[in-house]
Each structure stands twice: as C-alpha cells, then as structure tokens.
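For reference, the structure is listed below as structure tokens.
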2 protein chains.
Amino acid sequence: MENKERKVPEVVIRRLPRYYRYLDELDKSGKTRISSNALSEKMGVTASQIRQDFNYFGGFGQQGYGYNVKYLLNEIEDIFGISKGYKTIIVGAGHLGHALANYAGIQKRGFKIIGIFDNDEKKIGTLCNNIEILGMDELERFVVDNKVDIAMLALPKSAIEEVADRLVDCGIKGLWNFAYVELKTKKPIPVENVHLTDSLMTLSFKINQKMKN
Amino acid sequence: MENKERKVPEVVIRRLPRYYRYLDELDKSGKTRISSNALSEKMGVTASQIRQDFNYFGGFGQQGYGYNVKYLLNEIEDIFGISKGYKTIIVGAGHLGHALANYAGIQKRGFKIIGIFDNDEKKIGTLCNNIEILGMDELERFVVDNKVDIAMLALPKSAIEEVADRLVDCGIKGLWNFAYVELKTKKPIPVENVHLTDSLMTLSFKINQKMKN
C-alpha cells in the first residue's frame with residue numbers, strides 16, 4: 001500500500017465512499033467488471049480523475065481491461081479499515097440516537113453498535129434495537145473494557161464538549177458528531193461533524209435553479 | 001446574476017454550504033471582512049479555487065481588500081433561495097422524523113417545517129415539536145393547499161417510492177431522502193439522498209490512517 005507515503009487529499013477521501021456505494025450496487029447485481037469510462041460516467045468524474053484518485057492507493061486495476069468490482073470493493077474496505085469491523089457506541093438515546101441505532105446502512109458497512117448511553121433514568125435499562133441503554137456513569141469503563149473505536153454523539157450541543165473530552169480521555173479513536181456545532185477535542189483525534197443542512201442547502205440550490213429556468 | 005448562463009459544477013455547489021457555515025460563524029463573532037487567503041486557509045481550498053468558485057456567481061467581492069462577510073452571506077442565501085424561506089414537511093414521524101423536527105440547524109437555515117405525516121393511528125393528532133402529526137391521507141391536500149416546497153422523507157425503504165410518487169404528482173419541488181436507497185422519481189425533480197455512512201466512512205479512513213502511522 002502506498003497510502004503511508006502520500007497524503008491523500010480530503011476531497012479524494014470523500015469520493016471513495018461514493019465509488020464504494022456504486023460498486024456495491026454493481027456487485028449485488030452480479031457485475032464483475034466495470035470500465036473506467038462507465039465508472040466515470042456514473043460518478044460524474046472524468047476517467048482520468050478516477051485513475052488519479054485510485055493512484056493514491058496503488059492503482060486498483062488495469063486500464064483498458066477495466067476494473068474488477070470485487071477487488072475494488074475489497075481494496076476500499078481495506079483503506080477504510082471496514083474489514084476490521086469498528087466497534088461503536090451511541091451517546092444519547094433520544095430520537096436521533098434511536099434513529100442511528102436503527103439505521104441499516106451503518107451495520108451494513110460493518111460498524112457494530114455495541115452500546116448506547118443516556119443519563120435519563122427512565123431510559124436506562126430499556127432496550128434500543130436490542131441493545132440495553134446504559135447510564136452515563138458507565139461510559140468510561142465500557143469504552144475501555146470493550147476497546148470501543150468510535151462514539152456517535154447524538155447529544156444536545158450543550159453536552160457535546162464535556163462528553164467528547166471524557167471519551168478522548170479514555171482512548172476513543174474517533175467521534176461522529178451530529179450536534180450543530182464544529183466540535184474540537186482537547187487532544188487531536190479524528191472527528192467528523194455531520195452537517196445535515198449542507199445537503200438540504202444543495203437541494204434548495206437545485207430547486208432554486210429550476211424555478212429560475 | 002450569472003448563474004443562468006453557466007452550469008455550476010456539483011462540487012462547487014457542495015462547497016458553498018461550507019463557506020456559508022464558516023461565514024455565518026464569522027458574522028456572529030462580529031467580523032465584517034475576510035481576506036481570500038484567510039478564507040482559503042480555513043476552508044482547505046486554494047485562494048484561486050475560492051475565486052473560481054465565486055466567479056460562477058458573479059465574483060462576490062474585491063480581491064486584496066478581502067470579502068465583505070455580510071455581503072457574501074446574503075449572496076449565498078440568494079443563490080440557495082434561502083431568503084425565500086422554503087416550506088417543508090416531514091413524512092414519517094418515527095425517531096428520525098422526530099429528530100429532524102427538532103434539529104436546530106434546519107430552522108436556523110430558514111427552512112420552515114409546517115407539517116408532519118404518519119400512517120400510525122397512535123401518532124396522528126399528537127404533537128411533534130409543536131406541530132400536529134397528520135394522517136397520510138391528508139398529504140396531497142396539505143401539499144397543494146400550503147404550496148409545500150420540500151418533503152423530508154424519514155420513511156422505511158419499502159415505502160419511499162410510493163410516497164415520492166404521490167408527492168411528485170401533487171407538485172412537490174424537491175425531496176430530501178434519508179432512506180438507505182438511491183431514490184429515483186418518475187418525473188425528474190431535485191432529489192438529495194442523504195448518505196450518512198459516507199461521513200462515517202471518512203471518519204474510519206482517518207482513524208485507520210492514524211493507526212498505521
């Protein structure tokens with residue numbers, strides 16, 4: 001793998017999950033090969049851009065002969081570490097926490113949700129998608145004992161920073177933040193802030209353009 | 001405005017909400033101007049890229065002297081049609097529907113949620129964030145009477161297509177789809193499929209890279 005030597009631009013990292021989604025569809029429909037032109041057309045990216053993107057990770061397949069779908073999928077899974085099966089927890093068992101626990105895509109990508117936490121006495125001990133909701137005082141012990149990789153933060157904005165700090169202190173590897181705030185952690189660990197409104201704005205742009213034309 | 005004449009690439013459309021978020025923060029902290037270099041550094045995009053992006057929409061401000069924050073914000077709001085205040089409904093009053101109804105960012109961006117729909121008799125007539133949940137049989141009448149612009153689809157995958165078709169038939173302008181499926185509508189209207197797992201995969205990539213180094 002070459003990815004140790006070259007810094008992969010953020011924009012390339014962000015394109016790979018889209019490639020992955022499409023390749024996964026192809027695979028499920030029984031396709032075993034795809035030409036770089038067909039991939040390019042579907043992705044709305046030039047074939048040369050696709051080759052450049054894949055070159056960050058050692059190429060991924062022959063030109064002319066096309067790409068092997070299964071092989072590409074496996075390579076992308078390796079790059080993302082998905083094949084390892086990340087262990088995740090959800091912090092916050094409100095509506096969003098429940099929605100995440102039930103979101104099919106998360107588990108299909110190999111992320112295992114092994115714990116859910118809340119500080120509401122009425123919720124503690126109940127089940128959410130067959131996982132028992134635990135109290136916030138058990139957070140550190142659970143993360144350490146189970147070597148949790150990722151915490152999904154489905155918490156109010158006001159609670160985010162304190163909880164993030166606690167998780168960083170007990171060795172969490174990454175945070176997936178849904179609160180409407182750009183989360184900064186005290187030690188630098190990978191954080192993805194989900195900005196749902198970005199996608200809603202893209203939608204409005206398209207609507208607005210259509211209404212003008 | 002020049003956006004009628006030039007087709008704006010998807011990647012540019014997707015960068016604008018990020019600019020917008022940052023400019024909004026600047027504005028709230030009392031900053032009135034920002035240099036293209038400072039904006040570039042914060043966004044992780046070259047200053048020339050930012051100028052190119054803004055050129056699709058007529059420039060947005062002088063070089064050297066920097067950009068006027070308020071002006072940029074207003075221009076971006078115009079481009080996205082946000083200043084109009086889109087009328088939206090949520091279809092599906094499960095956990096995700098409730099989470100969306102309570103998500104602060106949506107209303108802060110000027111999107112008004114005016115209706116929530118579900119087919120569960122137990123939910124119909126109850127309130128979700130102060131909005132009464134209506135039955136699915138009222139969907140068409142409500143959309144037409146209230147000139148609803150956008151429907152947020154917080155439905156199971158199995159119900160998505162039928163509901164999307166009903167909404168398209170009664171003149172909805174755009175769909176925001178959360179189901180784990182690439183939604184296609186029978187008439188071509190703007191659709192944004194939210195792929196939460198893309199962001200989770202980006203997070204895993206960063207974690208995986210860090211573990212290797």
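Each chain in the structure tokens gets a letter, A, B and so on, in the order shown; residues start at 1 in every chain, and ligands are counted from 1 in the order they appear.
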
For Met136 of chain A: contacts at 8 Å, only C-alpha atoms, fewer than 6 positions along chain excluded, given as a list of chain:residue names: A:Phe117, A:Asp118, A:Asn119

Next, dump the selected residues to file, keeping only N, CA, C and O atoms, as a compact mmCIF listing (two decimals), in the first residue's frame.
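Once everything was written out, this is part-v6.txt:
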# COMPACT_ATOMS: atom_id res chain seq x y z
N PHE A 117 -25.80 4.95 25.43
CA PHE A 117 -25.73 5.61 26.73
C PHE A 117 -26.65 6.81 26.81
O PHE A 117 -26.84 7.54 25.83
N ASP A 118 -27.20 7.00 28.01
CA ASP A 118 -28.05 8.18 28.25
C ASP A 118 -28.02 8.46 29.74
O ASP A 118 -27.69 7.58 30.54
N ASN A 119 -28.36 9.70 30.11
CA ASN A 119 -28.42 9.99 31.54
C ASN A 119 -29.85 10.05 32.08
O ASN A 119 -30.07 10.40 33.23

Chain B contacts to chain A at 8 Å (only C-alpha atoms) as an MDAnalysis selection string: chainID B and resid 4 13:14 17:18 79:82 95:96 98:99 104:106 109 173:176 180 190:192 194 196:209 212:213

Filtered DSSP result for chain B, state helix (DSSP H, G or I), as a PyMOL selection string: chain B and resi 10-28+36-43+47-55+69-80+82-84+95-101+104-108+136-145+157-169+196-212

Expected answer as a ChimeraX atom specification: strand (DSSP E or B) residues in segment 31-209 of chain B: /B:33-34,67-68,87-91,112-118,127-128,131-135,150-153,174-177,191-193

What would the file look like if the residues just selected were written as a compact mmCIF listing (two decimals), in the first residue's frame with N, CA, C and O atoms?
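The result, written out as selection_7.txt:
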# COMPACT_ATOMS: atom_id res chain seq x y z
N ARG B 33 -15.09 41.56 7.61
CA ARG B 33 -14.34 41.30 6.38
C ARG B 33 -13.44 40.09 6.56
O ARG B 33 -12.97 39.80 7.65
N ILE B 34 -13.17 39.39 5.44
CA ILE B 34 -12.19 38.31 5.48
C ILE B 34 -11.40 38.31 4.18
O ILE B 34 -11.97 38.49 3.09
N TYR B 67 -13.14 40.00 1.31
CA TYR B 67 -14.58 39.84 1.09
C TYR B 67 -15.36 40.45 2.23
O TYR B 67 -14.95 40.36 3.39
N ASN B 68 -16.50 41.02 1.90
CA ASN B 68 -17.42 41.52 2.90
C ASN B 68 -18.29 40.34 3.37
O ASN B 68 -19.02 39.74 2.58
N LYS B 87 -40.92 26.14 2.39
CA LYS B 87 -41.87 25.42 3.23
C LYS B 87 -41.65 23.92 3.10
O LYS B 87 -41.61 23.40 1.99
N THR B 88 -41.47 23.27 4.23
CA THR B 88 -41.15 21.85 4.19
C THR B 88 -42.12 21.02 5.04
O THR B 88 -42.76 21.56 5.95
N ILE B 89 -42.21 19.74 4.71
CA ILE B 89 -42.94 18.80 5.57
C ILE B 89 -42.02 17.61 5.84
O ILE B 89 -41.06 17.37 5.09
N ILE B 90 -42.32 16.90 6.91
CA ILE B 90 -41.62 15.65 7.21
C ILE B 90 -42.60 14.51 6.99
O ILE B 90 -43.72 14.57 7.50
N VAL B 91 -42.21 13.52 6.21
CA VAL B 91 -43.08 12.35 6.05
C VAL B 91 -42.44 11.20 6.82
O VAL B 91 -41.32 10.79 6.49
N LYS B 112 -38.84 26.22 6.94
CA LYS B 112 -39.96 26.12 7.88
C LYS B 112 -40.61 24.75 7.77
O LYS B 112 -41.06 24.36 6.70
N ILE B 113 -40.65 24.05 8.90
CA ILE B 113 -41.35 22.75 8.91
C ILE B 113 -42.80 23.02 9.28
O ILE B 113 -43.10 23.46 10.39
N ILE B 114 -43.72 22.81 8.33
CA ILE B 114 -45.11 23.18 8.59
C ILE B 114 -46.04 21.98 8.72
O ILE B 114 -47.21 22.14 9.06
N GLY B 115 -45.54 20.78 8.46
CA GLY B 115 -46.41 19.62 8.60
C GLY B 115 -45.61 18.34 8.80
O GLY B 115 -44.48 18.23 8.32
N ILE B 116 -46.19 17.40 9.56
CA ILE B 116 -45.56 16.09 9.76
C ILE B 116 -46.63 15.02 9.52
O ILE B 116 -47.77 15.18 9.97
N PHE B 117 -46.27 13.98 8.82
CA PHE B 117 -47.24 12.96 8.41
C PHE B 117 -46.79 11.57 8.82
O PHE B 117 -45.61 11.26 8.79
N ASP B 118 -47.79 10.76 9.18
CA ASP B 118 -47.52 9.36 9.50
C ASP B 118 -48.80 8.57 9.28
O ASP B 118 -49.88 9.15 9.25
N LEU B 127 -48.55 15.81 19.03
CA LEU B 127 -47.66 16.88 18.61
C LEU B 127 -46.22 16.42 18.53
O LEU B 127 -45.76 15.62 19.34
N CYS B 128 -45.50 16.93 17.56
CA CYS B 128 -44.06 16.70 17.44
C CYS B 128 -43.43 18.07 17.26
O CYS B 128 -43.67 18.74 16.24
N ILE B 131 -45.90 20.65 16.29
CA ILE B 131 -46.62 20.52 15.02
C ILE B 131 -47.47 19.25 15.10
O ILE B 131 -46.98 18.19 15.49
N GLU B 132 -48.73 19.38 14.74
CA GLU B 132 -49.63 18.23 14.83
C GLU B 132 -49.27 17.21 13.76
O GLU B 132 -49.07 17.57 12.59
N ILE B 133 -49.21 15.95 14.13
CA ILE B 133 -48.96 14.89 13.15
C ILE B 133 -50.27 14.56 12.43
O ILE B 133 -51.29 14.31 13.07
N LEU B 134 -50.24 14.62 11.11
CA LEU B 134 -51.43 14.35 10.30
C LEU B 134 -51.32 12.97 9.65
O LEU B 134 -50.23 12.43 9.49
N GLY B 135 -52.49 12.44 9.25
CA GLY B 135 -52.52 11.14 8.58
C GLY B 135 -52.06 11.25 7.13
O GLY B 135 -52.13 12.31 6.51
N ILE B 150 -40.60 21.41 -0.12
CA ILE B 150 -39.68 20.28 0.10
C ILE B 150 -40.31 19.27 1.06
O ILE B 150 -40.89 19.65 2.08
N ALA B 151 -40.18 17.98 0.72
CA ALA B 151 -40.58 16.94 1.68
C ALA B 151 -39.33 16.21 2.15
O ALA B 151 -38.47 15.82 1.35
N MET B 152 -39.23 16.07 3.47
CA MET B 152 -38.14 15.28 4.06
C MET B 152 -38.68 13.88 4.27
O MET B 152 -39.66 13.70 5.00
N LEU B 153 -38.06 12.89 3.67
CA LEU B 153 -38.58 11.54 3.72
C LEU B 153 -37.86 10.72 4.78
O LEU B 153 -36.72 10.31 4.59
N GLY B 174 -38.99 19.42 -4.35
CA GLY B 174 -37.76 18.68 -4.10
C GLY B 174 -37.94 17.69 -2.96
O GLY B 174 -38.79 17.88 -2.10
N LEU B 175 -37.11 16.64 -2.97
CA LEU B 175 -37.20 15.60 -1.94
C LEU B 175 -35.86 15.44 -1.24
O LEU B 175 -34.80 15.41 -1.89
N TRP B 176 -35.91 15.32 0.07
CA TRP B 176 -34.71 15.08 0.88
C TRP B 176 -34.87 13.69 1.46
O TRP B 176 -35.66 13.48 2.38
N ASN B 177 -34.14 12.75 0.93
CA ASN B 177 -34.37 11.34 1.25
C ASN B 177 -33.33 10.77 2.21
O ASN B 177 -32.14 10.81 1.94
N VAL B 191 -33.65 15.79 -6.13
CA VAL B 191 -33.65 14.86 -5.00
C VAL B 191 -32.27 14.87 -4.38
O VAL B 191 -31.27 14.84 -5.10
N GLU B 192 -32.18 14.95 -3.07
CA GLU B 192 -30.92 14.75 -2.38
C GLU B 192 -31.04 13.51 -1.51
O GLU B 192 -31.90 13.44 -0.64
N ASN B 193 -30.22 12.53 -1.80
CA ASN B 193 -30.18 11.34 -0.97
C ASN B 193 -29.10 11.55 0.09
O ASN B 193 -27.95 11.83 -0.24

Gap from atom CA of Val45 of chain B to atom CA of Met43 of chain A - Å, one decimal: 21.9 Å

Interatomic distance (Å, one decimal) between atom CA of Cys170 of chain A and atom CA of Ser83 of chain A: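 Going from atom CA of Cys170 of chain A over to atom CA of Ser83 of chain A covers 24.2 Å.
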